[in-house]
$ cat final_38.cif   # mmCIF, C-alpha atoms
data_run
#
loop_
_atom_site.label_atom_id
_atom_site.label_comp_id
_atom_site.auth_asym_id
_atom_site.auth_seq_id
_atom_site.Cartn_x
_atom_site.Cartn_y
_atom_site.Cartn_z
CA MET A 20 0.00 0.00 0.00
CA ARG A 21 2.87 2.35 0.79
CA ALA A 22 4.45 1.62 -2.60
CA LEU A 23 1.17 2.41 -4.37
CA ALA A 24 0.79 5.62 -2.37
CA ASP A 25 4.30 6.69 -3.37
CA ARG A 26 3.50 6.13 -7.05
CA LEU A 27 0.28 8.11 -6.83
CA ARG A 28 2.07 11.05 -5.20
CA CYS A 29 4.53 11.05 -8.13
CA LEU A 30 1.82 11.50 -10.76
CA PRO A 31 1.33 14.88 -12.41
CA PRO A 32 -1.75 16.79 -11.15
CA SER A 33 -4.92 16.03 -13.09
CA CYS A 34 -7.45 18.51 -11.68
CA GLY A 35 -5.89 21.86 -10.82
CA THR A 36 -3.13 21.01 -8.34
CA VAL A 37 -4.90 17.79 -7.31
CA ARG A 38 -4.13 14.23 -8.33
CA LEU A 39 -7.67 12.89 -8.48
CA VAL A 40 -7.66 9.09 -8.15
CA GLY A 41 -10.77 7.04 -8.87
CA VAL A 42 -11.54 3.74 -7.13
CA ASP A 43 -14.34 1.99 -9.01
CA GLY A 44 -15.85 -1.51 -8.99
CA HIS A 45 -19.09 -3.33 -8.43
CA ALA A 46 -21.11 -2.65 -5.29
CA GLY A 47 -19.75 -4.84 -2.50
CA SER A 48 -16.29 -5.22 -4.05
CA GLY A 49 -14.46 -3.54 -1.16
CA LYS A 50 -13.92 -0.05 -2.59
CA SER A 51 -14.58 1.86 0.63
CA THR A 52 -12.29 -0.31 2.75
CA PHE A 53 -9.48 -0.18 0.19
CA ALA A 54 -9.84 3.59 -0.30
CA GLY A 55 -9.74 4.09 3.47
CA GLU A 56 -6.48 2.16 3.79
CA LEU A 57 -4.98 3.92 0.79
CA ALA A 58 -5.98 7.30 2.22
CA VAL A 59 -4.08 6.49 5.42
CA ALA A 60 -1.01 5.44 3.40
CA LEU A 61 -1.25 8.78 1.60
CA GLY A 62 -1.15 10.67 4.90
CA ASP A 63 -4.91 10.94 5.48
CA ALA A 64 -5.82 12.01 1.95
CA PRO A 65 -9.42 13.22 1.54
CA VAL A 66 -11.90 10.63 0.25
CA LEU A 67 -15.08 11.50 -1.62
CA HIS A 68 -17.58 8.65 -1.31
CA LEU A 69 -19.96 8.59 -4.27
CA ASP A 70 -22.63 7.14 -1.96
CA ASP A 71 -22.74 10.70 -0.59
CA VAL A 72 -23.32 12.14 -4.06
CA ALA A 73 -25.88 9.66 -5.37
CA SER A 74 -29.47 9.46 -4.11
CA HIS A 75 -32.55 7.27 -4.44
CA GLU A 76 -33.74 9.46 -7.30
CA GLU A 77 -30.30 9.70 -8.94
CA LEU A 78 -28.49 6.41 -8.55
CA PHE A 79 -26.19 7.27 -11.46
CA SER A 80 -27.34 10.57 -12.97
CA TRP A 81 -25.29 12.66 -10.53
CA ASP A 82 -22.34 13.45 -12.80
CA GLY A 83 -23.48 17.03 -13.45
CA ARG A 84 -23.54 17.84 -9.73
CA LEU A 85 -20.20 16.15 -9.17
CA LEU A 86 -18.56 18.20 -11.91
CA SER A 87 -20.03 21.50 -10.75
CA GLU A 88 -19.79 21.03 -6.97
CA VAL A 89 -16.50 19.11 -6.72
CA VAL A 90 -14.41 19.01 -9.90
CA ALA A 91 -14.82 22.66 -10.94
CA PRO A 92 -13.75 24.11 -7.55
CA LEU A 93 -10.78 21.73 -7.27
CA GLU A 94 -9.72 22.66 -10.80
CA ARG A 95 -9.43 26.31 -9.82
CA GLY A 96 -7.67 25.51 -6.54
CA ALA A 97 -10.66 26.12 -4.27
CA THR A 98 -12.23 23.95 -1.57
CA ALA A 99 -15.16 21.99 -2.99
CA ARG A 100 -18.45 21.84 -1.11
CA TYR A 101 -21.12 19.24 -1.71
CA LEU A 102 -24.30 18.09 0.03
CA PRO A 103 -23.96 14.49 1.32
CA TYR A 104 -27.07 12.35 0.90
CA ASP A 105 -28.67 10.61 3.90
CA TRP A 106 -29.95 7.27 2.58
CA ARG A 107 -32.18 6.63 5.60
CA ALA A 108 -33.73 10.10 5.84
CA ARG A 109 -33.85 10.35 2.01
CA ARG A 110 -32.58 13.91 1.91
CA PHE A 111 -29.36 15.85 1.43
CA GLY A 112 -27.60 17.11 4.53
CA PRO A 113 -25.46 20.17 5.35
CA ALA A 114 -22.59 21.06 3.02
CA ARG A 115 -19.34 19.16 3.49
CA ALA A 116 -15.93 20.54 2.50
CA LEU A 117 -13.41 18.75 0.29
CA PRO A 118 -10.05 20.56 0.22
CA PRO A 119 -7.66 20.53 -2.77
CA ALA A 120 -5.08 18.13 -1.28
CA PRO A 121 -2.16 16.72 -3.30
CA VAL A 122 -4.13 13.46 -3.74
CA VAL A 123 -7.92 13.16 -3.45
CA LEU A 124 -9.61 9.76 -3.73
CA VAL A 125 -13.03 9.36 -5.35
CA GLU A 126 -14.49 5.97 -4.51
CA GLY A 127 -17.75 4.39 -5.54
CA VAL A 128 -19.59 2.74 -8.39
CA GLY A 129 -19.11 5.04 -11.36
CA ALA A 130 -15.87 6.70 -10.22
CA GLY A 131 -14.40 5.83 -13.61
CA ARG A 132 -17.32 7.04 -15.70
CA GLN A 133 -16.68 8.88 -18.94
CA ALA A 134 -17.57 12.33 -17.58
CA LEU A 135 -15.00 12.03 -14.77
CA ARG A 136 -12.13 10.24 -16.52
CA PRO A 137 -10.57 13.39 -18.05
CA TYR A 138 -9.90 14.67 -14.51
CA LEU A 139 -8.43 11.45 -13.09
CA ALA A 140 -4.70 10.96 -12.59
CA ARG A 141 -5.33 7.21 -12.21
CA LEU A 142 -8.33 4.89 -12.26
CA LEU A 143 -8.23 1.81 -10.02
CA TRP A 144 -10.73 -1.01 -10.44
CA MET A 145 -11.57 -3.46 -7.62
CA ASP A 146 -11.33 -6.63 -9.65
CA LEU A 147 -14.01 -8.84 -8.08
CA PRO A 148 -16.66 -10.52 -10.28
CA ARG A 149 -20.00 -8.76 -10.02
CA GLU A 150 -22.01 -11.71 -8.69
CA GLU A 151 -19.47 -12.28 -5.91
CA ALA A 152 -19.34 -8.56 -5.11
CA TRP A 153 -23.14 -8.28 -5.02
CA ALA A 154 -23.39 -11.33 -2.73
CA ARG A 155 -20.92 -9.68 -0.34
CA GLY A 156 -22.88 -6.44 -0.48
CA ARG A 157 -26.20 -8.13 0.27
CA SER A 158 -24.66 -10.01 3.19
CA ARG A 159 -23.15 -6.77 4.54
CA ASP A 160 -26.37 -4.76 4.32
CA GLY A 161 -28.74 -7.43 5.62
CA GLU A 162 -32.44 -8.02 5.13
CA GLU A 163 -33.30 -4.37 5.70
CA GLN A 164 -31.79 -3.42 2.32
CA ARG A 165 -33.08 -6.41 0.35
CA GLU A 166 -35.58 -4.42 -1.70
CA PHE A 167 -33.03 -1.70 -2.43
CA TRP A 168 -30.51 -4.27 -3.67
CA SER A 169 -33.02 -5.69 -6.15
CA GLY A 170 -33.34 -2.32 -7.82
CA TRP A 171 -29.67 -1.50 -7.45
CA VAL A 172 -28.40 -4.58 -9.31
CA GLU A 173 -30.44 -3.75 -12.40
CA ALA A 174 -29.42 -0.09 -12.26
CA GLU A 175 -25.74 -1.04 -11.97
CA ARG A 176 -26.02 -3.48 -14.89
CA ARG A 177 -27.47 -0.71 -17.06
CA HIS A 178 -24.86 1.82 -15.95
CA PHE A 179 -21.84 -0.34 -16.76
CA ALA A 180 -23.42 -1.51 -20.02
CA GLU A 181 -23.74 2.12 -21.14
CA ASP A 182 -20.67 3.60 -19.43
CA PRO A 183 -18.13 0.89 -18.51
CA SER A 184 -15.17 1.68 -16.25
CA ARG A 185 -13.05 -1.48 -16.16
CA PRO A 186 -11.74 -1.20 -19.77
CA PHE A 187 -10.27 2.19 -18.84
CA ALA A 188 -8.70 1.16 -15.53
CA ASP A 189 -4.99 1.88 -15.12
CA LEU A 190 -4.69 -0.62 -12.27
CA LEU A 191 -6.63 -3.70 -11.14
CA VAL A 192 -6.85 -4.30 -7.39
CA ARG A 193 -7.35 -7.87 -6.20
CA GLN A 194 -7.59 -9.35 -2.71
CA PRO A 195 -5.54 -12.48 -2.06
CA ALA A 196 -5.57 -14.16 1.35
CA GLN A 197 -3.78 -11.16 2.87
CA GLY A 198 -3.59 -7.53 1.81
CA TYR A 199 -4.03 -6.41 -1.78
CA ALA A 200 -2.33 -7.16 -5.08
CA VAL A 201 -2.25 -4.44 -7.73
CA PHE A 202 -1.77 -5.22 -11.43
CA PRO A 203 -1.63 -3.18 -14.63
CA GLY A 204 -5.13 -2.58 -15.97
CA PRO A 205 -6.71 -2.85 -19.42
CA SER A 206 -6.09 0.79 -20.33
CA GLY A 207 -2.44 0.05 -21.03
CA SER A 208 -1.22 3.36 -19.58
CA VAL A 209 0.72 1.60 -16.81
CA GLY A 210 3.52 -0.73 -17.85
CA PRO A 211 4.19 -4.22 -16.42
CA ASP A 212 7.24 -2.86 -14.61
CA GLN A 213 4.87 -0.97 -12.32
CA PHE A 214 3.41 -4.03 -10.60
CA VAL A 215 3.01 -3.36 -6.88
CA THR A 216 1.54 -5.29 -3.96
CA HIS A 217 0.42 -4.55 -0.43
CA ARG A 218 3.56 -6.31 0.86
CA ASP A 219 6.09 -4.33 -1.22
CA GLY A 220 8.54 -2.04 0.50
CA PRO A 221 8.91 1.64 -0.34
CA SER A 222 9.08 2.30 -4.06
CA ALA A 223 11.59 4.52 -5.77
CA MET A 224 10.83 8.19 -5.33
CA CYS A 225 9.77 10.41 -8.25
#
$ encode --input "final_38.cif" --output "structure tokens"
Amino acid sequence: MRALADRLRCLPPSCGTVRLVGVDGHAGSGKSTFAGELAVALGDAPVLHLDDVASHEELFSWDGRLLSEVVAPLERGATARYLPYDWRARRFGPARALPPAPVVLVEGVGAGRQALRPYLARLLWMDLPREEAWARGRSRDGEEQREFWSGWVEAERRHFAEDPSRPFADLLVRQPAQGYAVFPGPSGSVGPDQFVTHRDGPSAMC
């Protein structure tokens, strides 16, 4: 994880002075946990959870708000402010700040969508098959969210059919028995010499 963090810090800025890094994958694939650990390795980098941007009415049609409320301010070097959605109360809450740190992580289903990719320094894909990821998600959320999951699965299928992320991923993140293994992704922008794993030591500096 430290080696991956070092490599991300070395990237050129992609959104103003920010290196915006997307962490995408199917619901239940472990994006939030991975992004949290990566954020710590990056020195407590800010993390934008797309669950806070989406809503019941806009499961995937939130890209306009994301660009105007988050990407545009970061591009001009300002602190972004967005309204996080409360999934239980079904309403948006008070504004939350997202500062223009050296690296900002954007995690959630759709983090690698076409509208956002031009602003990403790297796109990481949690490489877990969708059926396995969805089973993990259902188990995590319990019976209370059973009805929501039925609608979500179909919505996610449609989203990735129309706007796939995995083919554009720079890195694929997989979970062996311990830690994470990170491999070059389908996009081809990262060479095979840049293979890193959770157990690697510090990488070469920029």
$ residues_around --input "final_38.cif" --residues "region 67-78 of chain A" --least-positions-apart "5" --cutoff "8 Å" --atoms "all atoms listed in the file" --output "NGL selection string"
:A and (51 or 85 or 101-106 or 109 or 117 or 123-130 or 174)
$ closest_residue --input "final_38.cif" --among "A:Ala120, A:Ala152, A:Ala91, A:Met145" --to "Gly204 (chain A)" --atoms "only C-alpha atoms"
A:Met145
$ atom_distance --input "final_38.cif" --atom1 "CA of Ala154 (chain A)" --atom2 "CA of Ala200 (chain A)"
21.6 Å
$ closest_residue --input "final_38.cif" --among "A:Ala46, A:Ala140, A:Phe79, A:Arg84" --to "Arg26 (chain A)" --atoms "all atoms listed in the file"
A:Ala140
$ atom_distance --input "final_38.cif" --atom1 "CA of Asp43 (chain A)" --atom2 "CA of Leu23 (chain A)"
16.2 Å
$ residues_around --input "final_38.cif" --residues "Ala58 (chain A)" --least-positions-apart "2" --cutoff "12 Å" --atoms "all atoms listed in the file" --output "PDB file with C-alpha atoms, in the frame of the given file"
ATOM      1  CA  MET A  20       0.000   0.000   0.000  1.00  0.00           C
ATOM      2  CA  ARG A  21       2.870   2.350   0.790  1.00  0.00           C
ATOM      3  CA  LEU A  23       1.170   2.410  -4.370  1.00  0.00           C
ATOM      4  CA  ALA A  24       0.790   5.620  -2.370  1.00  0.00           C
ATOM      5  CA  ASP A  25       4.300   6.690  -3.370  1.00  0.00           C
ATOM      6  CA  LEU A  27       0.280   8.110  -6.830  1.00  0.00           C
ATOM      7  CA  ARG A  28       2.070  11.050  -5.200  1.00  0.00           C
ATOM      8  CA  VAL A  40      -7.660   9.090  -8.150  1.00  0.00           C
ATOM      9  CA  VAL A  42     -11.540   3.740  -7.130  1.00  0.00           C
ATOM     10  CA  LYS A  50     -13.920  -0.050  -2.590  1.00  0.00           C
ATOM     11  CA  SER A  51     -14.580   1.860   0.630  1.00  0.00           C
ATOM     12  CA  THR A  52     -12.290  -0.310   2.750  1.00  0.00           C
ATOM     13  CA  PHE A  53      -9.480  -0.180   0.190  1.00  0.00           C
ATOM     14  CA  ALA A  54      -9.840   3.590  -0.300  1.00  0.00           C
ATOM     15  CA  GLY A  55      -9.740   4.090   3.470  1.00  0.00           C
ATOM     16  CA  GLU A  56      -6.480   2.160   3.790  1.00  0.00           C
ATOM     17  CA  ALA A  60      -1.010   5.440   3.400  1.00  0.00           C
ATOM     18  CA  LEU A  61      -1.250   8.780   1.600  1.00  0.00           C
ATOM     19  CA  GLY A  62      -1.150  10.670   4.900  1.00  0.00           C
ATOM     20  CA  ASP A  63      -4.910  10.940   5.480  1.00  0.00           C
ATOM     21  CA  ALA A  64      -5.820  12.010   1.950  1.00  0.00           C
ATOM     22  CA  PRO A  65      -9.420  13.220   1.540  1.00  0.00           C
ATOM     23  CA  VAL A  66     -11.900  10.630   0.250  1.00  0.00           C
ATOM     24  CA  LEU A  67     -15.080  11.500  -1.620  1.00  0.00           C
ATOM     25  CA  ALA A 120      -5.080  18.130  -1.280  1.00  0.00           C
ATOM     26  CA  PRO A 121      -2.160  16.720  -3.300  1.00  0.00           C
ATOM     27  CA  VAL A 122      -4.130  13.460  -3.740  1.00  0.00           C
ATOM     28  CA  VAL A 123      -7.920  13.160  -3.450  1.00  0.00           C
ATOM     29  CA  LEU A 124      -9.610   9.760  -3.730  1.00  0.00           C
ATOM     30  CA  VAL A 125     -13.030   9.360  -5.350  1.00  0.00           C
ATOM     31  CA  GLU A 126     -14.490   5.970  -4.510  1.00  0.00           C
TER      32      GLU A 126
END
$ build_atoms --input "final_38.cif" --residues "region 73-92 of chain A" --atoms "N, CA, C and O atoms" --output "PDB file, in the coordinates of the input"
ATOM      1  N   ALA A  73     -24.693  10.284  -4.789  1.00  0.00           N
ATOM      2  CA  ALA A  73     -25.880   9.660  -5.370  1.00  0.00           C
ATOM      3  C   ALA A  73     -27.073   9.788  -4.428  1.00  0.00           C
ATOM      4  O   ALA A  73     -26.935  10.204  -3.273  1.00  0.00           O
ATOM      5  N   SER A  74     -28.246   9.437  -4.929  1.00  0.00           N
ATOM      6  CA  SER A  74     -29.470   9.460  -4.110  1.00  0.00           C
ATOM      7  C   SER A  74     -30.439   8.421  -4.654  1.00  0.00           C
ATOM      8  O   SER A  74     -30.199   7.822  -5.715  1.00  0.00           O
ATOM      9  N   HIS A  75     -31.546   8.207  -3.956  1.00  0.00           N
ATOM     10  CA  HIS A  75     -32.550   7.270  -4.440  1.00  0.00           C
ATOM     11  C   HIS A  75     -33.069   7.673  -5.818  1.00  0.00           C
ATOM     12  O   HIS A  75     -33.347   6.827  -6.657  1.00  0.00           O
ATOM     13  N   GLU A  76     -33.207   8.961  -6.030  1.00  0.00           N
ATOM     14  CA  GLU A  76     -33.740   9.460  -7.300  1.00  0.00           C
ATOM     15  C   GLU A  76     -32.668   9.514  -8.387  1.00  0.00           C
ATOM     16  O   GLU A  76     -32.989   9.519  -9.576  1.00  0.00           O
ATOM     17  N   GLU A  77     -31.403   9.584  -7.990  1.00  0.00           N
ATOM     18  CA  GLU A  77     -30.300   9.700  -8.940  1.00  0.00           C
ATOM     19  C   GLU A  77     -29.212   8.693  -8.591  1.00  0.00           C
ATOM     20  O   GLU A  77     -28.144   9.054  -8.096  1.00  0.00           O
ATOM     21  N   LEU A  78     -29.483   7.425  -8.864  1.00  0.00           N
ATOM     22  CA  LEU A  78     -28.490   6.410  -8.550  1.00  0.00           C
ATOM     23  C   LEU A  78     -27.211   6.621  -9.356  1.00  0.00           C
ATOM     24  O   LEU A  78     -26.099   6.397  -8.864  1.00  0.00           O
ATOM     25  N   PHE A  79     -27.367   7.069 -10.614  1.00  0.00           N
ATOM     26  CA  PHE A  79     -26.190   7.270 -11.460  1.00  0.00           C
ATOM     27  C   PHE A  79     -26.206   8.582 -12.237  1.00  0.00           C
ATOM     28  O   PHE A  79     -25.202   8.920 -12.862  1.00  0.00           O
ATOM     29  N   SER A  80     -27.269   9.322 -12.191  1.00  0.00           N
ATOM     30  CA  SER A  80     -27.340  10.570 -12.970  1.00  0.00           C
ATOM     31  C   SER A  80     -26.913  11.774 -12.146  1.00  0.00           C
ATOM     32  O   SER A  80     -27.537  12.828 -12.177  1.00  0.00           O
ATOM     33  N   TRP A  81     -25.803  11.604 -11.419  1.00  0.00           N
ATOM     34  CA  TRP A  81     -25.290  12.660 -10.530  1.00  0.00           C
ATOM     35  C   TRP A  81     -24.037  13.325 -11.086  1.00  0.00           C
ATOM     36  O   TRP A  81     -23.430  14.171 -10.420  1.00  0.00           O
ATOM     37  N   ASP A  82     -23.619  12.955 -12.293  1.00  0.00           N
ATOM     38  CA  ASP A  82     -22.340  13.450 -12.800  1.00  0.00           C
ATOM     39  C   ASP A  82     -22.305  14.968 -12.958  1.00  0.00           C
ATOM     40  O   ASP A  82     -21.269  15.598 -12.743  1.00  0.00           O
ATOM     41  N   GLY A  83     -23.444  15.569 -13.318  1.00  0.00           N
ATOM     42  CA  GLY A  83     -23.480  17.030 -13.450  1.00  0.00           C
ATOM     43  C   GLY A  83     -23.189  17.724 -12.138  1.00  0.00           C
ATOM     44  O   GLY A  83     -22.413  18.691 -12.088  1.00  0.00           O
ATOM     45  N   ARG A  84     -23.796  17.246 -11.055  1.00  0.00           N
ATOM     46  CA  ARG A  84     -23.540  17.840  -9.730  1.00  0.00           C
ATOM     47  C   ARG A  84     -22.106  17.612  -9.291  1.00  0.00           C
ATOM     48  O   ARG A  84     -21.473  18.492  -8.706  1.00  0.00           O
ATOM     49  N   LEU A  85     -21.577  16.428  -9.563  1.00  0.00           N
ATOM     50  CA  LEU A  85     -20.200  16.150  -9.170  1.00  0.00           C
ATOM     51  C   LEU A  85     -19.233  17.095  -9.885  1.00  0.00           C
ATOM     52  O   LEU A  85     -18.307  17.636  -9.263  1.00  0.00           O
ATOM     53  N   LEU A  86     -19.453  17.328 -11.156  1.00  0.00           N
ATOM     54  CA  LEU A  86     -18.560  18.200 -11.910  1.00  0.00           C
ATOM     55  C   LEU A  86     -18.654  19.651 -11.427  1.00  0.00           C
ATOM     56  O   LEU A  86     -17.640  20.340 -11.300  1.00  0.00           O
ATOM     57  N   SER A  87     -19.868  20.103 -11.147  1.00  0.00           N
ATOM     58  CA  SER A  87     -20.030  21.500 -10.750  1.00  0.00           C
ATOM     59  C   SER A  87     -19.675  21.751  -9.291  1.00  0.00           C
ATOM     60  O   SER A  87     -19.081  22.789  -8.958  1.00  0.00           O
ATOM     61  N   GLU A  88     -20.004  20.819  -8.404  1.00  0.00           N
ATOM     62  CA  GLU A  88     -19.790  21.030  -6.970  1.00  0.00           C
ATOM     63  C   GLU A  88     -18.400  20.613  -6.488  1.00  0.00           C
ATOM     64  O   GLU A  88     -17.906  21.146  -5.495  1.00  0.00           O
ATOM     65  N   VAL A  89     -17.776  19.655  -7.191  1.00  0.00           N
ATOM     66  CA  VAL A  89     -16.500  19.110  -6.720  1.00  0.00           C
ATOM     67  C   VAL A  89     -15.358  19.373  -7.713  1.00  0.00           C
ATOM     68  O   VAL A  89     -14.346  19.985  -7.362  1.00  0.00           O
ATOM     69  N   VAL A  90     -15.524  18.919  -8.940  1.00  0.00           N
ATOM     70  CA  VAL A  90     -14.410  19.010  -9.900  1.00  0.00           C
ATOM     71  C   VAL A  90     -14.081  20.457 -10.242  1.00  0.00           C
ATOM     72  O   VAL A  90     -12.902  20.851 -10.233  1.00  0.00           O
ATOM     73  N   ALA A  91     -15.081  21.265 -10.542  1.00  0.00           N
ATOM     74  CA  ALA A  91     -14.820  22.660 -10.940  1.00  0.00           C
ATOM     75  C   ALA A  91     -14.083  23.444  -9.859  1.00  0.00           C
ATOM     76  O   ALA A  91     -13.088  24.122 -10.161  1.00  0.00           O
ATOM     77  N   PRO A  92     -14.506  23.391  -8.586  1.00  0.00           N
ATOM     78  CA  PRO A  92     -13.750  24.110  -7.550  1.00  0.00           C
ATOM     79  C   PRO A  92     -12.316  23.601  -7.398  1.00  0.00           C
ATOM     80  O   PRO A  92     -11.379  24.399  -7.264  1.00  0.00           O
TER      81      PRO A  92
END
